[in-house]
file run.csv (CSV, C-alpha atoms)
chain,number,residue,atom,x,y,z
A,1,MET,CA,135.0,120.4,37.8
A,2,LYS,CA,131.5,120.9,36.4
A,3,LYS,CA,129.0,118.3,37.5
A,4,ILE,CA,127.3,116.4,34.7
A,5,ASN,CA,123.6,115.5,35.0
A,6,LEU,CA,123.7,111.9,33.8
A,7,LYS,CA,119.9,111.6,33.4
A,8,ARG,CA,119.7,114.7,31.2
A,9,PHE,CA,122.7,113.6,29.2
A,10,LEU,CA,121.3,110.2,28.4
A,11,LYS,CA,117.9,111.7,27.6
A,12,GLY,CA,119.5,114.0,25.0
A,13,ARG,CA,121.6,111.2,23.5
A,14,LEU,CA,118.5,109.0,23.2
A,15,SER,CA,116.4,111.8,21.6
A,16,ARG,CA,119.1,112.4,18.9
A,17,ARG,CA,119.3,108.6,18.2
A,18,VAL,CA,115.5,108.4,17.9
A,19,LYS,CA,115.4,111.3,15.6
A,20,ILE,CA,118.1,109.8,13.4
A,21,ALA,CA,116.3,106.5,13.4
A,22,LEU,CA,113.0,108.1,12.5
A,23,CYS,CA,114.6,110.1,9.7
A,24,SER,CA,116.3,106.9,8.4
A,25,ALA,CA,113.0,104.9,8.6
A,26,GLY,CA,111.2,107.7,6.8
A,27,GLY,CA,113.8,107.8,4.1
A,28,LEU,CA,113.6,104.1,3.6
A,29,ILE,CA,109.8,104.2,3.4
A,30,LEU,CA,110.0,107.0,0.9
A,31,ILE,CA,112.4,105.0,-1.2
A,32,ILE,CA,110.2,102.0,-1.1
A,33,LEU,CA,107.2,104.1,-2.1
A,34,ILE,CA,109.1,105.6,-5.0
A,35,LEU,CA,110.3,102.1,-6.2
A,36,GLY,CA,106.7,100.8,-5.9
A,37,LEU,CA,105.4,103.7,-7.9
A,38,LEU,CA,108.1,103.1,-10.5
A,39,ARG,CA,107.3,99.4,-10.7
A,40,ALA,CA,103.6,100.1,-11.0
A,41,PHE,CA,104.3,102.6,-13.7
A,42,VAL,CA,106.5,100.2,-15.7
A,43,ALA,CA,103.9,97.5,-15.3
A,44,SER,CA,101.1,99.7,-16.5
A,45,GLN,CA,103.2,100.8,-19.5
A,46,LYS,CA,103.9,97.1,-20.2
A,47,ASN,CA,100.3,96.2,-19.9
A,48,ASP,CA,99.3,99.1,-22.0
A,49,ASN,CA,101.6,97.8,-24.8
A,50,THR,CA,100.5,94.2,-24.6
A,51,THR,CA,98.4,93.2,-27.6
A,52,TYR,CA,96.7,90.0,-28.8
A,53,ARG,CA,96.0,88.8,-32.3
A,54,VAL,CA,92.6,87.5,-33.4
A,55,LYS,CA,93.3,84.1,-34.9
A,56,THR,CA,91.4,81.7,-37.0
A,57,GLU,CA,91.4,78.2,-35.5
A,58,THR,CA,90.3,75.2,-37.6
A,59,TYR,CA,88.6,72.4,-35.8
A,60,GLU,CA,88.5,69.0,-37.6
A,61,ASN,CA,86.5,66.0,-36.4
A,62,VAL,CA,88.1,63.3,-38.6
A,63,ILE,CA,89.5,59.8,-38.7
A,64,GLU,CA,92.9,59.6,-40.2
A,65,ILE,CA,93.4,56.8,-42.8
A,66,SER,CA,96.1,55.6,-45.2
A,67,GLY,CA,96.4,52.8,-47.8
A,68,THR,CA,96.7,51.9,-51.4
A,69,ILE,CA,94.0,52.6,-54.0
A,70,GLU,CA,92.7,49.8,-56.2
A,71,ALA,CA,90.7,49.5,-59.4
A,72,ALA,CA,86.9,48.9,-59.1
A,73,HIS,CA,87.5,45.3,-60.4
A,74,GLU,CA,90.7,43.4,-61.3
A,75,GLN,CA,91.1,40.1,-63.1
A,76,THR,CA,94.4,38.2,-63.4
A,77,LEU,CA,94.5,36.7,-66.8
A,78,GLN,CA,95.8,33.1,-66.5
A,79,ALA,CA,95.5,29.8,-68.2
A,80,LEU,CA,93.0,27.3,-66.7
A,81,SER,CA,94.7,24.3,-68.2
A,82,ASP,CA,97.9,23.3,-70.0
A,83,GLY,CA,98.2,24.0,-73.8
A,84,THR,CA,99.6,25.9,-76.7
A,85,VAL,CA,98.4,29.4,-77.5
A,86,LEU,CA,96.5,29.5,-80.8
A,87,GLY,CA,95.2,33.0,-80.7
A,88,VAL,CA,95.7,36.3,-78.8
A,89,PHE,CA,92.9,38.7,-79.7
A,90,VAL,CA,93.7,41.9,-77.8
A,91,GLU,CA,96.7,44.1,-76.8
A,92,ALA,CA,97.6,46.0,-73.7
A,93,GLY,CA,95.4,49.1,-73.6
A,94,ASP,CA,92.4,47.6,-75.4
A,95,GLN,CA,88.9,47.9,-74.0
A,96,VAL,CA,87.0,44.6,-73.8
A,97,LYS,CA,83.5,43.6,-72.9
A,98,LYS,CA,82.3,40.9,-70.5
A,99,GLY,CA,82.6,37.5,-72.3
A,100,ASP,CA,85.1,38.6,-74.9
A,101,ILE,CA,87.8,35.9,-75.6
A,102,ILE,CA,91.2,37.2,-74.9
A,103,ILE,CA,93.4,34.1,-75.4
A,104,GLN,CA,92.6,30.8,-77.1
A,105,LEU,CA,94.5,27.6,-76.4
A,106,ASP,CA,94.6,24.6,-78.6
A,107,ASP,CA,91.3,22.7,-78.0
A,108,THR,CA,91.4,20.1,-80.8
A,109,THR,CA,91.3,17.2,-78.4
A,110,GLU,CA,88.5,18.7,-76.3
A,111,GLN,CA,86.4,19.6,-79.4
A,112,TYR,CA,86.8,16.0,-80.7
A,113,ASN,CA,85.7,14.5,-77.3
A,114,LEU,CA,82.7,16.7,-77.2
A,115,ALA,CA,81.7,15.8,-80.8
A,116,LYS,CA,82.1,12.1,-80.1
A,117,GLN,CA,79.9,12.5,-77.0
A,118,ASP,CA,77.2,14.1,-79.1
A,119,TYR,CA,77.3,11.3,-81.6
A,120,ASP,CA,77.1,8.6,-78.9
A,121,MET,CA,74.2,10.3,-77.3
A,122,ALA,CA,72.3,10.4,-80.6
A,123,THR,CA,72.8,6.7,-81.0
A,124,LYS,CA,71.7,5.9,-77.4
A,125,LYS,CA,68.5,7.8,-77.9
A,126,ILE,CA,67.5,4.9,-80.3
A,127,THR,CA,68.8,1.9,-78.4
A,128,GLY,CA,69.7,3.0,-74.9
A,129,SER,CA,67.8,3.5,-71.7
A,130,SER,CA,66.8,6.8,-70.2
A,131,LYS,CA,69.3,6.3,-67.3
A,132,GLU,CA,72.2,5.9,-69.8
A,133,LEU,CA,71.1,9.0,-71.6
A,134,LYS,CA,71.0,11.0,-68.3
A,135,LEU,CA,74.5,9.8,-67.4
A,136,MET,CA,75.8,10.8,-70.9
A,137,GLU,CA,74.3,14.3,-70.5
A,138,THR,CA,76.2,14.8,-67.3
A,139,GLN,CA,79.4,13.6,-68.9
A,140,ARG,CA,78.7,16.1,-71.8
A,141,LEU,CA,78.6,19.0,-69.4
A,142,SER,CA,82.1,18.0,-68.2
A,143,LEU,CA,83.4,18.0,-71.8
A,144,VAL,CA,81.8,21.4,-72.5
A,145,GLN,CA,83.6,22.8,-69.4
A,146,LYS,CA,86.9,21.4,-70.7
A,147,VAL,CA,86.4,23.2,-74.0
A,148,ALA,CA,85.6,26.5,-72.1
A,149,ASP,CA,88.8,26.0,-70.0
A,150,ARG,CA,90.9,26.4,-73.2
A,151,LYS,CA,89.9,30.0,-73.4
A,152,VAL,CA,90.8,33.1,-71.2
A,153,VAL,CA,87.6,35.2,-71.1
A,154,ALA,CA,86.9,38.7,-69.7
A,155,THR,CA,84.7,38.5,-66.7
A,156,PHE,CA,83.6,42.2,-66.8
A,157,ASP,CA,83.9,45.2,-69.0
A,158,GLY,CA,87.3,46.7,-68.6
A,159,LEU,CA,90.8,47.7,-69.9
A,160,ILE,CA,93.7,45.3,-70.6
A,161,ALA,CA,96.3,46.8,-68.3
A,162,ASP,CA,99.1,44.5,-69.4
A,163,LEU,CA,99.5,41.3,-71.5
A,164,ASP,CA,102.6,39.2,-72.0
A,165,VAL,CA,101.7,36.2,-74.3
A,166,ASN,CA,102.1,35.3,-77.9
A,167,VAL,CA,100.8,32.8,-80.4
A,168,GLY,CA,102.7,29.6,-80.0
A,169,ASP,CA,103.6,30.0,-76.4
A,170,SER,CA,103.1,26.9,-74.2
A,171,LEU,CA,101.3,27.6,-71.0
A,172,GLU,CA,100.7,25.6,-67.9
A,173,ALA,CA,97.6,25.8,-65.7
A,174,LYS,CA,97.6,29.0,-63.5
A,175,ASP,CA,100.3,30.7,-65.6
A,176,GLU,CA,99.6,34.5,-65.3
A,177,VAL,CA,99.9,36.4,-68.5
A,178,GLY,CA,98.2,39.7,-67.9
A,179,THR,CA,95.7,41.9,-66.0
A,180,LEU,CA,92.3,43.2,-66.8
A,181,VAL,CA,90.9,46.1,-64.8
A,182,ASN,CA,87.8,48.2,-64.5
A,183,VAL,CA,88.6,51.8,-63.5
A,184,ASP,CA,85.1,53.3,-63.6
A,185,TYR,CA,85.8,54.1,-60.0
A,186,LEU,CA,88.6,53.4,-57.5
A,187,THR,CA,88.3,51.7,-54.1
A,188,ALA,CA,90.4,50.9,-51.0
A,189,GLU,CA,90.2,49.1,-47.7
A,190,VAL,CA,91.4,51.2,-44.7
A,191,GLU,CA,91.9,50.4,-41.1
A,192,VAL,CA,89.6,52.1,-38.6
A,193,ALA,CA,90.4,51.8,-34.9
A,194,GLU,CA,87.7,50.0,-32.8
A,195,THR,CA,87.2,53.3,-30.8
A,196,ASP,CA,86.2,55.1,-34.0
A,197,VAL,CA,83.9,52.5,-35.7
A,198,GLY,CA,80.9,53.9,-33.9
A,199,LYS,CA,81.4,57.2,-35.7
A,200,LEU,CA,81.2,55.7,-39.2
A,201,LYS,CA,78.3,56.3,-41.5
A,202,VAL,CA,77.7,55.2,-45.1
A,203,GLY,CA,78.3,58.1,-47.4
A,204,GLN,CA,80.6,60.1,-45.1
A,205,LYS,CA,83.0,62.3,-47.0
A,206,VAL,CA,86.6,61.1,-47.4
A,207,LEU,CA,89.4,63.4,-48.5
A,208,PHE,CA,92.3,61.7,-50.2
A,209,THR,CA,95.8,63.1,-50.6
A,210,PHE,CA,98.1,61.4,-53.2
A,211,PRO,CA,101.8,61.9,-53.5
A,212,ALA,CA,101.4,61.6,-57.2
A,213,TYR,CA,98.8,64.4,-57.4
A,214,THR,CA,99.8,67.8,-56.2
A,215,GLU,CA,96.8,69.8,-57.2
A,216,GLY,CA,94.9,69.2,-54.0
A,217,THR,CA,92.7,66.6,-52.4
A,218,VAL,CA,90.5,64.1,-54.1
A,219,GLU,CA,87.0,63.5,-52.7
A,220,GLY,CA,85.4,60.1,-52.0
A,221,TYR,CA,83.0,58.5,-49.6
A,222,VAL,CA,82.5,55.6,-47.2
A,223,VAL,CA,80.9,52.6,-48.8
A,224,SER,CA,80.7,49.9,-46.0
A,225,TRP,CA,82.4,48.1,-43.2
A,226,PRO,CA,82.1,44.5,-41.9
A,227,ALA,CA,80.2,43.5,-38.8
A,228,ILE,CA,83.4,42.0,-37.3
A,229,GLY,CA,86.8,43.4,-36.4
A,230,GLU,CA,90.2,41.9,-36.7
A,231,VAL,CA,93.5,42.0,-34.8
A,232,THR,CA,96.5,43.4,-36.7
A,233,SER,CA,100.1,42.2,-36.4
A,234,ARG,CA,100.6,45.2,-34.0
A,235,GLY,CA,98.0,43.8,-31.7
A,236,ALA,CA,95.5,46.5,-32.4
A,237,THR,CA,91.8,45.8,-33.0
A,238,VAL,CA,90.5,47.4,-36.2
A,239,VAL,CA,87.7,47.2,-38.7
A,240,LYS,CA,88.6,47.4,-42.4
A,241,ALA,CA,86.2,50.0,-44.0
A,242,LYS,CA,85.7,50.2,-47.7
A,243,VAL,CA,86.0,53.7,-49.3
A,244,ARG,CA,85.5,54.7,-52.9
A,245,ILE,CA,86.3,57.5,-55.4
A,246,ASP,CA,84.0,58.0,-58.3
A,247,ASP,CA,85.6,61.0,-60.0
A,248,TYR,CA,89.4,61.2,-59.9
A,249,PRO,CA,92.2,62.9,-61.9
A,250,LYS,CA,93.9,60.9,-64.6
A,251,GLU,CA,97.2,61.1,-62.7
A,252,ILE,CA,95.8,58.7,-60.1
A,253,LEU,CA,96.3,55.0,-61.1
A,254,PRO,CA,95.5,51.8,-59.3
A,255,ASN,CA,98.0,50.8,-56.6
A,256,PHE,CA,99.0,54.4,-55.9
A,257,SER,CA,99.4,55.2,-52.1
A,258,PHE,CA,97.4,57.8,-50.2
A,259,THR,CA,96.7,59.4,-46.9
A,260,GLY,CA,93.3,60.7,-46.0
A,261,LYS,CA,90.6,61.8,-43.6
A,262,ILE,CA,87.1,60.4,-43.0
A,263,GLU,CA,85.1,63.5,-42.1
A,264,ILE,CA,82.9,62.7,-39.1
A,265,SER,CA,81.4,66.2,-39.0
A,266,PRO,CA,82.1,69.3,-41.2
A,267,THR,CA,85.2,71.4,-40.5
A,268,VAL,CA,84.5,74.4,-38.2
A,269,GLU,CA,86.6,77.6,-38.2
A,270,ASN,CA,86.5,79.7,-35.1
A,271,LEU,CA,87.9,83.2,-34.4
A,272,VAL,CA,89.6,83.1,-31.0
A,273,VAL,CA,91.6,85.6,-28.9
A,274,GLU,CA,92.9,85.7,-25.4
A,275,ARG,CA,90.2,86.7,-22.9
A,276,TYR,CA,92.3,89.7,-21.7
A,277,ALA,CA,91.6,91.5,-25.0
A,278,VAL,CA,87.9,91.7,-24.1
A,279,ALA,CA,86.2,94.0,-21.5
A,280,TYR,CA,82.7,94.9,-20.6
A,281,GLU,CA,80.7,98.1,-20.3
A,282,ASP,CA,77.1,98.0,-19.2
A,283,GLY,CA,77.0,94.3,-20.0
A,284,GLN,CA,78.3,94.8,-23.5
A,285,ALA,CA,81.6,93.1,-24.5
A,286,TYR,CA,84.0,95.3,-26.5
A,287,VAL,CA,87.6,95.4,-27.7
A,288,GLU,CA,90.0,98.1,-28.8
A,289,LEU,CA,92.0,98.0,-32.0
A,290,ALA,CA,95.7,98.4,-31.1
A,291,ARG,CA,96.7,100.6,-34.0
A,292,SER,CA,93.7,103.0,-34.3
A,293,GLY,CA,92.3,102.8,-30.8
A,294,GLU,CA,88.9,102.2,-32.3
A,295,LYS,CA,86.4,100.6,-29.9
A,296,ARG,CA,84.2,97.8,-31.2
A,297,ASN,CA,81.4,95.9,-29.7
A,298,VAL,CA,81.6,92.2,-30.0
A,299,THR,CA,79.7,89.0,-29.1
A,300,VAL,CA,81.8,86.3,-27.5
A,301,GLN,CA,81.5,82.9,-26.1
A,302,ARG,CA,83.7,81.1,-23.5
A,303,TYR,CA,86.4,78.9,-25.1
A,304,GLY,CA,88.6,77.1,-22.6
A,305,SER,CA,90.1,78.9,-19.7
A,306,GLU,CA,92.2,81.5,-21.5
A,307,TYR,CA,90.4,82.2,-24.7
A,308,VAL,CA,87.1,83.5,-26.0
A,309,LYS,CA,85.4,82.8,-29.3
A,310,ILE,CA,84.4,85.8,-31.3
A,311,VAL,CA,80.9,85.3,-32.6
A,312,GLU,CA,80.3,88.7,-34.1
A,313,GLY,CA,82.2,92.0,-34.5
A,314,LEU,CA,85.6,90.9,-35.9
A,315,SER,CA,86.7,89.1,-39.1
A,316,GLY,CA,90.1,87.7,-38.0
A,317,GLY,CA,93.6,89.0,-38.0
A,318,GLU,CA,92.9,92.2,-35.9
A,319,LEU,CA,95.5,93.3,-33.3
A,320,LEU,CA,93.8,94.1,-30.0
A,321,LYS,CA,94.8,96.0,-26.9
A,322,GLN,CA,95.0,94.2,-23.6
A,323,LEU,CA,92.0,95.5,-21.5
A,324,THR,CA,92.2,93.2,-18.5
A,325,VAL,CA,95.3,92.2,-16.6
A,326,PRO,CA,96.1,88.5,-16.1
A,327,LYS,CA,97.4,87.4,-12.7
A,328,LYS,CA,98.9,84.1,-11.5
A,329,SER,CA,95.9,83.5,-9.3
A,330,GLY,CA,92.7,85.3,-9.8
A,331,PHE,CA,92.1,88.2,-12.2
A,332,LYS,CA,91.8,92.0,-11.7
A,333,ARG,CA,88.7,93.8,-12.7
A,334,ASN,CA,88.4,95.5,-16.0
A,335,LYS,CA,89.6,99.0,-16.6
A,336,ASN,CA,86.1,100.2,-17.5
A,337,LYS,CA,83.9,101.9,-15.0
A,338,GLY,CA,81.9,99.0,-13.7
A,339,GLY,CA,84.4,96.5,-14.8
A,340,MET,CA,83.4,92.8,-14.5
A,341,PRO,CA,85.7,90.4,-12.5
A,342,ASN,CA,87.3,87.3,-13.8
A,343,GLY,CA,89.0,88.7,-16.8
A,344,GLY,CA,86.0,90.4,-18.3
A,345,PHE,CA,83.6,87.4,-18.9
A,346,PRO,CA,80.3,87.4,-17.0
A,347,GLY,CA,79.4,84.5,-14.8
A,348,GLY,CA,82.8,83.8,-13.3
A,349,ASP,CA,85.9,82.1,-14.5
A,350,PHE,CA,85.8,80.5,-18.0
A,351,ALA,CA,84.8,76.9,-17.6
A,352,GLY,CA,84.9,73.9,-20.0
A,353,PRO,CA,87.3,72.9,-22.7
A,354,PRO,CA,87.0,73.6,-26.4
A,355,PRO,CA,84.4,71.5,-28.4
A,356,SER,CA,85.0,67.8,-27.9
A,357,GLY,CA,85.3,65.3,-30.6
A,358,GLY,CA,87.6,62.9,-32.4
A,359,GLY,CA,89.4,65.5,-34.3
A,360,SER,CA,92.2,68.0,-33.9
A,361,GLY,CA,92.1,71.6,-32.8
A,362,GLY,CA,92.6,73.8,-29.8
A,363,ALA,CA,93.3,77.4,-28.8
A,364,PRO,CA,96.4,78.9,-30.3
A,365,GLY,CA,99.4,80.2,-28.3
A,366,GLY,CA,99.9,83.4,-26.3
A,367,GLY,CA,99.5,87.0,-27.2
A,368,VAL,CA,101.4,88.7,-30.0

call {"tool": "encode", "arguments": {"input": "run.csv", "output": "C-alpha cells"}}
result
Amino acid sequence: MKKINLKRFLKGRLSRRVKIALCSAGGLILIILILGLLRAFVASQKNDNTTYRVKTETYENVIEISGTIEAAHEQTLQALSDGTVLGVFVEAGDQVKKGDIIIQLDDTTEQYNLAKQDYDMATKKITGSSKELKLMETQRLSLVQKVADRKVVATFDGLIADLDVNVGDSLEAKDEVGTLVNVDYLTAEVEVAETDVGKLKVGQKVLFTFPAYTEGTVEGYVVSWPAIGEVTSRGATVVKAKVRIDDYPKEILPNFSFTGKIEISPTVENLVVERYAVAYEDGQAYVELARSGEKRNVTVQRYGSEYVKIVEGLSGGELLKQLTVPKKSGFKRNKNKGGMPNGGFPGGDFAGPPPSGGGSGGAPGGGV
C-alpha cells in the first residue's frame, strides 16, 4: 500500500479551498461593483431628467373681513304721535331734500292750542308781569314742538326706499311706515382681531367681493376705528372698524353681504424655483432650460430652505433642468467645474423663512 503524506494532502486541499474562496469573493465583489455602477447610472439618468418649473407666488399681507354693507345714512320713517294721516307727499323711489315733509298728520288741535297761546301772550303783554310772559313763552315752545310732531320730515337728502302709508290711515306713535336712505356712498362695520388692530391705518385700501356682483372686486378704504375693543359672543376681543365705498356698481344695494380684505401692504408677486435648478460658475448663478438646453445667467435671492427667488433672468413658467442633487442630509456640490456646496447658493445653507407678515403666501410644492 502506498503511503500518503498527510501534511502535503491537507496543504493541497486547503490551497484549492482558498482558491475557490478567493474566486467566489472576487466574483461577489465584481457583482457588487456592477450593481453599484448600474445604480449610479440609473440615478444619474433620473437626476438628468428631473426638472423644476419657475412659478409665480403671490404674497398678500391682508386682514380678512366680512359683513353687510349699509347706506351712508338711513332714516326709519315713523309717526312721532298718534293721529290720522292727512297727507302723503312722496312715493317710494322719490328723491327728497333735508326738511321736506313726507307725511302730515291731523294737527287741528295742536294748531288751535298754539293760536290760543299766542292770543293769551298778546293780552298778557298789556296786563301781565314779565315773569308770566316768560313762563308763557316756555309753554309756547312746547306747543310748537307738538305741531312739529304731527309731521314726518326728511332729516337728510336722500331716496325714499319704501313707503307704506295712505291718507286716512290711523297711526300710533312709533309706527314705522317707510325708510329714507342716502346712498351717495356705502359703509360697513367689520370686526378686526385685537392682534391686527396695530396694522390699521386710515385710508388703507379695502377690496370687497359681493355674491351679487360677479364682475370683480369693488374698492373701498378704511375710515376709522374706536379707541376701545369689545368681546364677541365667541369670546374673542375685536375692534369694529368702519370701512367705506365711494364708487360702486349699481348692482350693489344696502344690506348686501360681502367678504373682503384690508390691504396692509401692496401685494407682491415673486418668481420662485427649487434651489436645485440653480448652479454657479465663477460666482455667477445660472440655470439651464430643459427643452432647449440654453444656459441663462440669473440673479437669485434665498427664499426659505428649499427655494430661491428669481430677481432677474427669467419671466416665469420656464422648465429648468436639475443642476444640483438634493440629499437627505447635506447637499452635493454643483456639476460645474468649481461647483459651490450647499445646493448652489453661496454662503452656506439657505437660512430664514419667506417674508413675514400677516398675510398668506409661501413657496409652492415640489419639482415638476

call {"tool": "residues_around", "arguments": {"input": "run.csv", "residues": "Thr68 in chain A", "least_positions_apart": "3", "cutoff": "7 Å", "atoms": "all atoms listed in the file", "output": "list in words"}}
result
Ala188, Asn255, Phe256, Ser257 and Phe258 of chain A

call {"tool": "write_last_selection", "arguments": {"input": "run.csv", "atoms": "C-alpha atoms", "output": "tab-separated table (two decimals), in the coordinates of the input"}}
result
chain	number	residue	atom	x	y	z
A	188	ALA	CA	90.40	50.90	-51.00
A	255	ASN	CA	98.00	50.80	-56.60
A	256	PHE	CA	99.00	54.40	-55.90
A	257	SER	CA	99.40	55.20	-52.10
A	258	PHE	CA	97.40	57.80	-50.20

call {"tool": "atom_distance", "arguments": {"input": "run.csv", "atom1": "CA of Glu281 in chain A", "atom2": "CA of Ser315 in chain A"}}
result
21.7 Å

call {"tool": "closest_residue", "arguments": {"input": "run.csv", "among": "A:Ile245, A:Val206, A:Leu77, A:Leu320", "to": "Leu163 in chain A", "atoms": "all atoms listed in the file"}}
result
A:Leu77

call {"tool": "residues_around", "arguments": {"input": "run.csv", "residues": "range 233-237 of chain A", "least_positions_apart": "6", "cutoff": "10 Å", "atoms": "all atoms listed in the file", "output": "PyMOL selection string"}}
result
chain A and resi 191-195

call {"tool": "atom_distance", "arguments": {"input": "run.csv", "atom1": "CA of Gln95 in chain A", "atom2": "CA of Asp175 in chain A"}}
result
22.3 Å

call {"tool": "atom_distance", "arguments": {"input": "run.csv", "atom1": "CA of Gln145 in chain A", "atom2": "CA of Asp107 in chain A"}}
result
11.5 Å

call {"tool": "residues_around", "arguments": {"input": "run.csv", "residues": "Ala79 in chain A", "least_positions_apart": "4", "cutoff": "12 Å", "atoms": "all atoms listed in the file", "output": "VMD selection string"}}
result
chain A and resid 83 to 85 102 to 106 148 to 153 165 169 to 178

call {"tool": "closest_residue", "arguments": {"input": "run.csv", "among": "A:Ile69, A:Leu180, A:Val147, A:Ala122", "to": "Gly220 in chain A", "atoms": "all atoms listed in the file"}}
result
A:Ile69

call {"tool": "closest_residue", "arguments": {"input": "run.csv", "among": "A:Gln78, A:Leu314, A:Asn166, A:Ser142", "to": "Glu91 in chain A", "atoms": "only C-alpha atoms"}}
result
A:Asn166

call {"tool": "residues_around", "arguments": {"input": "run.csv", "residues": "Arg291 in chain A", "least_positions_apart": "3", "cutoff": "9 Å", "atoms": "only C-alpha atoms", "output": "PyMOL selection string"}}
result
chain A and resi 288+294+319-321

call {"tool": "closest_residue", "arguments": {"input": "run.csv", "among": "A:Gly87, A:Arg53, A:Gln75, A:Thr267", "to": "Gly168 in chain A", "atoms": "all atoms listed in the file"}}
result
A:Gly87

call {"tool": "closest_residue", "arguments": {"input": "run.csv", "among": "A:Thr214, A:Thr179, A:Asn49, A:Gln117", "to": "Gly93 in chain A", "atoms": "only C-alpha atoms"}}
result
A:Thr179

call {"tool": "closest_residue", "arguments": {"input": "run.csv", "among": "A:Thr51, A:Thr187, A:Asn113, A:Thr58", "to": "Glu74 in chain A", "atoms": "all atoms listed in the file"}}
result
A:Thr187
